[in-house]
>>> print(open('work-v1.txt').read())   # compact mmCIF, C-alpha atoms
# COMPACT_ATOMS: atom_id res chain seq x y z
CA PHE A 105 -59.47 -62.48 -31.30
CA PRO A 106 -56.32 -60.81 -29.87
CA LYS A 107 -53.20 -61.32 -31.90
CA ARG A 108 -50.87 -63.82 -30.28
CA THR A 109 -47.19 -63.07 -30.15
CA ASN A 110 -44.75 -65.43 -31.84
CA ARG A 111 -43.40 -68.17 -29.65
CA ILE A 112 -39.72 -67.97 -28.74
CA ARG A 113 -37.13 -70.67 -28.55
CA ILE A 114 -36.14 -71.34 -24.97
CA MET A 115 -32.70 -72.54 -23.94
CA ALA A 116 -32.37 -74.54 -20.75
CA ALA A 117 -29.05 -74.58 -18.95
CA THR A 118 -27.02 -77.75 -19.00
CA THR A 119 -26.38 -79.37 -15.66
CA THR A 120 -22.60 -79.12 -15.87
CA THR A 121 -20.22 -76.25 -16.45
CA THR A 122 -16.46 -75.97 -16.73
CA THR A 123 -16.09 -72.32 -15.80
CA THR A 124 -15.14 -71.10 -12.35
CA LEU A 125 -17.07 -68.76 -10.12
CA PRO A 126 -16.65 -65.09 -11.02
CA ARG A 127 -13.86 -63.58 -8.91
CA LYS A 128 -16.16 -61.08 -7.23
CA VAL A 129 -19.93 -60.94 -7.09
CA GLY A 130 -22.33 -58.44 -5.55
CA PHE A 131 -25.75 -59.03 -4.01
CA LEU A 132 -28.33 -56.31 -3.36
CA GLY A 133 -31.23 -57.13 -1.03
CA LEU A 134 -31.11 -59.54 1.90
CA GLY A 135 -34.75 -60.19 2.63
CA MET A 136 -36.22 -63.65 3.09
CA MET A 137 -35.20 -64.71 -0.41
CA GLY A 138 -32.02 -62.69 -0.87
CA GLN A 139 -30.54 -63.83 2.43
CA GLY A 140 -30.71 -67.48 1.39
CA MET A 141 -29.49 -66.85 -2.15
CA ALA A 142 -26.51 -64.81 -0.99
CA SER A 143 -25.64 -67.43 1.61
CA VAL A 144 -25.57 -70.15 -1.04
CA LEU A 145 -23.16 -68.09 -3.14
CA LEU A 146 -20.96 -67.25 -0.15
CA ASN A 147 -20.74 -70.89 0.90
CA ALA A 148 -19.68 -71.83 -2.63
CA PHE A 149 -17.03 -69.11 -2.63
CA ASN A 150 -15.72 -70.16 0.77
CA THR A 151 -15.43 -73.77 -0.38
CA THR A 152 -13.52 -72.67 -3.48
CA ASN A 153 -11.21 -70.43 -1.45
CA THR A 154 -10.48 -73.22 1.02
CA ASN A 155 -9.54 -75.57 -1.79
CA THR A 156 -7.25 -72.98 -3.39
CA ASN A 157 -5.84 -71.53 -0.14
CA THR A 158 -6.99 -68.01 -1.01
CA GLN A 159 -8.16 -65.44 1.53
CA GLN A 160 -10.29 -62.92 -0.32
CA SER A 161 -13.85 -61.70 -0.02
CA ASN A 162 -15.60 -62.84 -3.19
CA LEU A 163 -19.05 -61.64 -2.17
CA THR A 164 -20.06 -58.03 -1.50
CA VAL A 165 -23.56 -57.43 -0.16
CA TRP A 166 -25.91 -54.58 0.68
CA ASN A 167 -29.23 -54.34 2.47
CA ARG A 168 -31.28 -51.35 3.58
CA THR A 169 -31.36 -52.75 7.13
CA ILE A 170 -27.63 -53.29 7.49
CA SER A 171 -27.94 -55.68 10.45
CA LYS A 172 -29.39 -58.31 8.12
CA ALA A 173 -25.92 -58.63 6.63
CA ASP A 174 -24.29 -59.53 9.98
CA ALA A 175 -24.37 -63.30 9.46
CA LEU A 176 -22.93 -63.02 5.96
CA LYS A 177 -20.24 -60.63 7.19
CA ALA A 178 -19.27 -63.07 9.94
CA ASN A 179 -18.90 -65.74 7.26
CA GLY A 180 -16.57 -63.62 5.14
CA ALA A 181 -18.71 -61.35 2.98
CA HIS A 182 -17.86 -57.68 2.53
CA VAL A 183 -20.71 -55.28 3.36
CA CYS A 184 -21.34 -52.03 1.48
CA GLU A 185 -23.27 -49.09 2.87
CA SER A 186 -25.19 -48.42 -0.35
CA PRO A 187 -25.81 -49.74 -3.88
CA LYS A 188 -23.85 -46.73 -5.10
CA GLU A 189 -20.80 -47.77 -3.08
CA LEU A 190 -21.05 -51.32 -4.37
CA ALA A 191 -21.05 -50.06 -7.95
CA LYS A 192 -18.09 -47.74 -7.39
CA ASN A 193 -15.84 -49.86 -5.20
CA GLY A 194 -17.11 -53.42 -5.26
CA GLN A 195 -15.03 -54.52 -8.26
CA CYS A 196 -17.75 -57.05 -9.06
CA SER A 197 -18.14 -58.73 -12.42
CA VAL A 198 -21.76 -59.70 -11.68
CA VAL A 199 -24.27 -58.05 -9.33
CA TYR A 200 -27.57 -59.70 -8.36
CA ALA A 201 -30.58 -57.78 -7.07
CA MET A 202 -33.45 -59.34 -5.12
CA LEU A 203 -35.91 -56.73 -3.84
CA ALA A 204 -39.45 -56.80 -2.49
CA ASP A 205 -41.32 -54.91 -5.22
CA PRO A 206 -40.92 -52.86 -8.43
CA LYS A 207 -40.52 -49.57 -6.55
CA ALA A 208 -37.61 -50.92 -4.50
CA SER A 209 -36.03 -52.47 -7.61
CA VAL A 210 -36.07 -49.15 -9.47
CA MET A 211 -34.72 -47.20 -6.50
CA VAL A 212 -31.81 -49.59 -5.97
CA ALA A 213 -30.99 -49.72 -9.70
CA GLU A 214 -30.90 -45.92 -9.90
CA GLN A 215 -28.51 -45.73 -6.94
CA PHE A 216 -26.34 -48.42 -8.51
CA ALA A 217 -26.30 -46.56 -11.84
CA GLU A 218 -25.23 -43.39 -10.04
CA GLY A 219 -22.25 -45.29 -8.69
CA LEU A 220 -21.43 -46.50 -12.18
CA ARG A 221 -21.41 -42.92 -13.49
CA GLU A 222 -19.03 -41.81 -10.76
CA LYS A 223 -16.84 -44.84 -11.43
CA LYS A 224 -16.72 -43.89 -15.11
CA MET A 225 -15.61 -40.38 -14.23
CA GLN A 226 -12.93 -41.71 -11.90
CA ARG A 227 -11.71 -44.06 -14.61
CA LYS A 228 -11.33 -41.19 -17.07
CA GLN A 229 -9.34 -39.21 -14.51
CA ARG A 230 -7.02 -42.17 -13.90
CA GLU A 231 -6.52 -42.69 -17.63
CA MET A 232 -5.07 -39.20 -17.77
CA SER A 233 -2.70 -39.95 -14.90
CA VAL A 234 0.52 -41.93 -15.00
CA THR A 235 -0.56 -44.70 -12.63
CA ARG A 236 -3.64 -46.85 -12.56
CA ASP A 237 -4.91 -49.50 -10.16
CA THR A 238 -3.83 -52.79 -11.72
CA GLU A 239 -6.74 -54.63 -10.05
CA GLU A 240 -9.35 -52.45 -11.74
CA SER A 241 -11.18 -54.21 -14.55
CA ASP A 242 -12.55 -52.65 -17.72
CA ASP A 243 -15.03 -55.51 -18.12
CA VAL A 244 -18.70 -54.62 -18.32
CA ILE A 245 -20.60 -55.46 -15.14
CA THR A 246 -23.61 -57.73 -15.51
CA TYR A 247 -26.56 -56.50 -13.43
CA VAL A 248 -29.08 -59.29 -12.82
CA GLU A 249 -32.56 -58.36 -11.59
CA MET A 250 -34.04 -61.42 -9.88
CA SER A 251 -37.06 -59.78 -8.24
CA THR A 252 -40.64 -60.37 -9.42
CA ILE A 253 -41.44 -57.21 -11.36
CA ASP A 254 -43.47 -56.35 -14.46
CA ALA A 255 -41.99 -56.14 -17.95
CA GLN A 256 -42.14 -52.34 -18.19
CA THR A 257 -40.32 -51.87 -14.90
CA SER A 258 -37.70 -54.37 -16.01
CA GLU A 259 -37.20 -52.50 -19.30
CA ASN A 260 -36.90 -49.21 -17.41
CA ILE A 261 -34.23 -50.68 -15.14
CA LYS A 262 -32.39 -51.99 -18.19
CA LEU A 263 -32.27 -48.46 -19.63
CA VAL A 264 -30.99 -47.07 -16.33
CA ILE A 265 -28.31 -49.73 -15.92
CA GLU A 266 -27.03 -49.65 -19.51
CA ARG A 267 -27.20 -45.86 -19.94
CA ASP A 268 -23.46 -45.22 -19.54
CA GLN A 269 -22.34 -48.47 -21.17
CA MET A 270 -20.70 -49.57 -17.93
CA ALA A 271 -23.04 -52.50 -17.36
CA GLU A 272 -25.33 -54.93 -19.15
CA TYR A 273 -28.72 -56.05 -17.88
CA LEU A 274 -30.19 -59.50 -17.44
CA ALA A 275 -33.72 -60.14 -16.19
CA ALA A 276 -33.83 -63.32 -14.11
CA PRO A 277 -36.86 -63.65 -11.81
CA VAL A 278 -36.99 -66.80 -9.70
CA SER A 279 -39.68 -69.27 -8.76
CA GLY A 280 -39.56 -70.86 -5.33
CA GLY A 281 -39.76 -69.98 -1.67
CA GLN A 282 -37.48 -69.21 1.23
CA LYS A 283 -36.58 -72.89 1.74
CA ASP A 284 -35.67 -73.24 -1.94
CA ALA A 285 -33.50 -70.12 -1.74
CA LYS A 286 -31.58 -71.47 1.26
CA GLU A 287 -31.05 -74.85 -0.38
CA GLY A 288 -30.16 -73.60 -3.88
CA GLU A 289 -33.30 -75.16 -5.38
CA LEU A 290 -34.83 -72.15 -7.15
CA LEU A 291 -36.05 -72.11 -10.74
CA ILE A 292 -34.46 -69.21 -12.62
CA LEU A 293 -36.12 -67.65 -15.68
CA ALA A 294 -33.62 -65.41 -17.47
CA ALA A 295 -33.98 -63.06 -20.44
CA GLY A 296 -31.39 -60.98 -22.21
CA ALA A 297 -28.18 -61.52 -24.13
CA LYS A 298 -26.99 -65.10 -24.34
CA GLU A 299 -23.46 -64.03 -23.36
CA ALA A 300 -24.73 -62.35 -20.19
CA TYR A 301 -26.75 -65.45 -19.31
CA GLU A 302 -23.76 -67.74 -19.81
CA LYS A 303 -21.62 -65.45 -17.65
CA CYS A 304 -24.05 -66.04 -14.77
CA LEU A 305 -24.56 -69.77 -15.27
CA ILE A 306 -22.02 -70.79 -12.64
CA ASP A 307 -23.92 -68.77 -10.03
CA PHE A 308 -27.31 -69.91 -11.31
CA ASP A 309 -26.13 -73.51 -10.89
CA LYS A 310 -25.48 -72.75 -7.21
CA MET A 311 -28.67 -70.78 -6.51
CA GLY A 312 -31.06 -72.88 -8.56
CA LYS A 313 -32.19 -76.35 -9.50
CA GLN A 314 -32.31 -75.23 -13.14
CA SER A 315 -32.26 -72.06 -15.21
CA TRP A 316 -33.66 -71.17 -18.61
CA LEU A 317 -32.88 -68.43 -21.12
CA MET A 318 -36.46 -67.55 -22.05
CA GLY A 319 -35.57 -65.11 -24.81
CA PRO A 320 -33.81 -61.80 -25.60
CA GLU A 321 -36.42 -59.39 -24.17
CA CYS A 322 -37.13 -58.67 -20.50
CA LYS A 323 -40.78 -59.58 -20.90
CA ASN A 324 -39.85 -63.10 -21.98
CA ALA A 325 -38.80 -63.77 -18.38
CA THR A 326 -41.10 -61.43 -16.43
CA ASP A 327 -44.27 -62.60 -18.18
CA ALA A 328 -43.32 -66.26 -17.70
CA LYS A 329 -42.89 -65.56 -13.99
CA MET A 330 -46.31 -63.87 -13.89
CA ALA A 331 -47.90 -67.02 -15.31
CA LEU A 332 -46.26 -69.09 -12.58
CA GLN A 333 -47.58 -66.72 -9.92
CA ILE A 334 -51.11 -67.01 -11.31
CA MET A 335 -50.79 -70.78 -11.00
CA MET A 336 -49.33 -70.62 -7.50
CA GLY A 337 -51.83 -68.11 -6.16
CA GLY A 338 -54.72 -69.91 -7.79
CA GLN A 339 -53.85 -73.32 -6.37
CA ALA A 340 -53.59 -71.93 -2.84
CA ALA A 341 -56.91 -70.13 -3.22
CA LEU A 342 -58.69 -73.20 -4.56
CA LEU A 343 -57.37 -75.29 -1.66
CA ALA A 344 -58.55 -72.68 0.86
CA GLU A 345 -61.95 -72.67 -0.81
CA CYS A 346 -62.23 -76.46 -0.66
CA LEU A 347 -61.29 -76.51 3.04
CA ALA A 348 -63.87 -73.81 3.78
CA PHE A 349 -66.46 -75.80 1.84
CA CYS A 350 -65.65 -78.87 3.92
CA GLU A 351 -65.93 -76.89 7.15
CA TYR A 352 -69.31 -75.40 6.28
CA THR A 353 -70.78 -78.68 5.00
CA GLY A 354 -69.54 -80.68 7.97
CA VAL A 355 -66.89 -82.73 6.14
CA ASP A 356 -63.82 -83.49 8.25
CA GLU A 357 -61.21 -81.24 6.65
CA LYS A 358 -58.21 -83.33 7.65
CA VAL A 359 -59.75 -86.56 6.41
CA TRP A 360 -60.64 -84.85 3.11
CA PHE A 361 -57.06 -83.53 2.85
CA ASP A 362 -55.75 -87.06 3.44
CA VAL A 363 -57.91 -88.26 0.54
CA LEU A 364 -56.50 -85.47 -1.63
CA ASP A 365 -52.98 -86.40 -0.53
CA LYS A 366 -53.40 -89.96 -1.80
CA GLY A 367 -54.65 -88.93 -5.24
CA VAL A 368 -53.17 -87.54 -8.44
CA MET A 369 -54.22 -83.96 -7.68
CA MET A 370 -51.80 -83.53 -4.78
CA ASN A 371 -48.48 -81.74 -5.35
CA PRO A 372 -45.72 -80.37 -3.08
CA LEU A 373 -47.21 -76.86 -3.07
CA LEU A 374 -50.68 -77.98 -2.00
CA ARG A 375 -49.25 -80.32 0.61
CA SER A 376 -47.06 -77.62 2.18
CA VAL A 377 -49.65 -74.84 2.03
CA GLY A 378 -52.42 -77.14 3.26
CA ASN A 379 -50.48 -78.20 6.34
CA ARG A 380 -49.71 -74.57 7.13
CA MET A 381 -53.38 -73.65 6.70
CA PHE A 382 -54.32 -76.24 9.33
CA LYS A 383 -51.66 -74.99 11.74
CA GLY A 384 -52.86 -71.41 11.36
CA VAL A 385 -56.47 -72.33 12.06
CA GLU A 386 -55.35 -74.24 15.17
CA ASN A 387 -53.28 -71.20 16.21
CA ASN A 388 -56.34 -68.93 16.58
CA ARG A 389 -56.25 -68.14 12.86
CA THR A 390 -52.80 -66.59 12.84
CA TRP A 391 -49.99 -67.68 10.56
CA PRO A 392 -46.66 -66.47 12.00
CA GLN A 393 -44.57 -69.04 10.10
CA THR A 394 -43.72 -66.96 7.06
CA LEU A 395 -42.31 -68.80 4.06
CA PHE A 396 -43.88 -66.35 1.60
CA GLN A 397 -45.81 -63.33 2.82
CA LEU A 398 -49.38 -62.92 1.66
CA TYR A 399 -48.90 -59.34 0.45
CA LEU A 400 -46.16 -60.50 -1.92
CA GLN A 401 -48.45 -63.01 -3.61
CA GLN A 402 -51.14 -60.34 -3.74
CA LYS A 403 -48.67 -57.96 -5.39
CA ASP A 404 -47.61 -60.59 -7.93
CA LEU A 405 -51.20 -61.33 -8.91
CA LYS A 406 -51.90 -57.62 -9.34
CA LEU A 407 -48.87 -57.29 -11.64
CA ALA A 408 -50.04 -60.31 -13.65
CA ILE A 409 -53.55 -58.88 -14.04
CA GLU A 410 -52.18 -55.51 -15.16
CA THR A 411 -49.93 -57.25 -17.67
CA ALA A 412 -52.87 -59.25 -19.01
CA GLU A 413 -54.90 -56.06 -19.48
CA LYS A 414 -52.11 -54.53 -21.57
CA VAL A 415 -52.15 -57.45 -24.02
CA HIS A 416 -55.98 -57.81 -23.96
CA CYS A 417 -55.90 -61.25 -22.35
CA GLU A 418 -58.82 -62.19 -20.11
CA VAL A 419 -57.79 -63.61 -16.73
CA PRO A 420 -61.08 -63.87 -14.80
CA VAL A 421 -59.83 -66.60 -12.47
CA ALA A 422 -56.72 -64.63 -11.52
CA SER A 423 -58.86 -61.54 -10.93
CA ALA A 424 -61.24 -63.40 -8.63
CA VAL A 425 -58.34 -65.01 -6.76
CA HIS A 426 -56.67 -61.62 -6.31
CA GLN A 427 -59.77 -60.33 -4.54
CA ARG A 428 -59.46 -63.16 -2.03
CA TYR A 429 -55.90 -62.08 -1.25
CA VAL A 430 -57.14 -58.52 -0.84
CA LYS A 431 -59.78 -59.76 1.60
CA ALA A 432 -57.19 -61.71 3.63
CA SER A 433 -54.99 -58.60 3.78
CA ARG A 434 -57.92 -56.52 5.05
CA LYS A 435 -58.39 -59.09 7.80
CA GLY A 436 -54.84 -58.33 8.98
CA HIS A 437 -52.89 -61.18 7.37
CA GLN A 438 -50.85 -59.17 4.85
CA ASN A 439 -47.51 -59.82 6.59
CA GLU A 440 -48.27 -63.42 7.51
CA ASP A 441 -47.62 -66.55 5.48
CA PHE A 442 -49.78 -66.69 2.35
CA ALA A 443 -51.42 -69.81 3.80
CA SER A 444 -53.41 -67.25 5.79
CA LEU A 445 -55.53 -66.99 2.64
CA ARG A 446 -57.55 -69.72 4.36
CA ASP A 447 -59.12 -66.98 6.48
CA ALA A 448 -60.45 -65.16 3.40
CA TYR A 449 -63.03 -67.92 3.01
CA ASP A 450 -64.32 -67.81 6.57
CA GLU A 451 -66.49 -65.17 8.20
CA LYS A 452 -65.96 -66.59 11.68
>>> encode(input="work-v1.txt", output="structure tokens")
Amino acid sequence: FPKRTNRIRIMAATTTTTTTLPRKVGFLGLGMMGQGMASVLLNAFNTTNTNTNTQQSNLTVWNRTISKADALKANGAHVCESPKELAKNGQCSVVYAMLADPKASVMVAEQFAEGLREKKMQRKQREMSVTRDTEESDDVITYVEMSTIDAQTSENIKLVIERDQMAEYLAAPVSGGQKDAKEGELLILAAGAKEAYEKCLIDFDKMGKQSWLMGPECKNATDAKMALQIMMGGQAALLAECLAFCEYTGVDEKVWFDVLDKGVMMNPLLRSVGNRMFKGVENNRTWPQTLFQLYLQQKDLKLAIETAEKVHCEVPVASAVHQRYVKASRKGHQNEDFASLRDAYDEK
């Protein structure tokens, strides 16, 4: 039998906190998830500033497609042209990153680290001069990677970020969809130093329903997120399979779904995905309403399977489910809502 790793003690965040929001925060990546998360932070900052009669931009954001930052800019956020610029000139105590995949996460982290190196050089030059910007802080920046990435990629980013001792790294992938991001209802799984986690708690309380410190190593958070994605992807696939079974055997799918809805097996995920599956079928088998794109779930399952292989853990169900997502992608649904998985069980 494979050797099991020792279990770790997990610390859940308390529901109250007495600290105030960090003076300045950065956010990298304004996709479907990042846009909502950054908006929640900005709204919290704006409320705080209104109550204290201050007029400063607490949130600095960046996105590859700069126009996606327009709404945040109009609401008071400062927009940077690059991750490098944000690192050099953002004066942020905490920077959050929410990117689409591991490749994007690494690229953005490397650009951010380049900015940190230049900032370090500038700081040394100013230390040799008579004057120094009184607003500049010597505090270490906390870089928080909230994307769904594998443990090795997370460790690599940690090395990049902490190389020049200008920043510390915290892994903090999230569970939830676009609606949860907009409403501050995400589940946040963090891993790293306890002090770094506690520094971010005030923001986590705004972006999420609850957060947990899963342990000191990146994999404590990334692997936990992988397990959640196996569960999420598997439930959607099983529902699609049941609906296809009903269709082929002549059972009224909507009546069957109503029976499921009244029993103990129903949950919010199945209810939401099921309703979207029906709408897509009625819409000529297209699913334009995108709460979570199919290719992202496919990517997450692939990362989970690769992680399982590294630790010699069999995941036959996840592997079979992943092939269904691959099939749906090949049928042209990769950029549609992951409820389009329904079409992977139908040859019509």
>>> closest_residue(input="work-v1.txt", among="A:Cys346, A:Val264, A:Val199, A:Val165", to="A:Ala213", atoms="all atoms listed in the file")
A:Val264
>>> atom_distance(input="work-v1.txt", atom1="atom CA of A:Asp327", atom2="atom CA of A:Ala408")
7.7 Å
>>> residues_near_point(input="work-v1.txt", point="(-12.0, -58.4, -8.6)", cutoff="6 Å", atoms="all atoms listed in the file", output="list in words")
Arg127, Lys128, Gln195 and Cys196 of chain A
>>> write_last_selection(input="work-v1.txt", atoms="C-alpha atoms", output="PDB file, in the coordinates of the input")
ATOM      1  CA  ARG A 127     -13.860 -63.580  -8.910  1.00  0.00           C
ATOM      2  CA  LYS A 128     -16.160 -61.080  -7.230  1.00  0.00           C
ATOM      3  CA  GLN A 195     -15.030 -54.520  -8.260  1.00  0.00           C
ATOM      4  CA  CYS A 196     -17.750 -57.050  -9.060  1.00  0.00           C
TER       5      CYS A 196
END
>>> residues_around(input="work-v1.txt", residues="stretch 272-281 of chain A", least_positions_apart="2", cutoff="6 Å", atoms="all atoms listed in the file", output="PyMOL selection string")
chain A and resi 246-252+262+266+283-284+290-296+322
>>> atom_distance(input="work-v1.txt", atom1="atom CA of A:Ser423", atom2="atom CA of A:Asp404")
11.7 Å
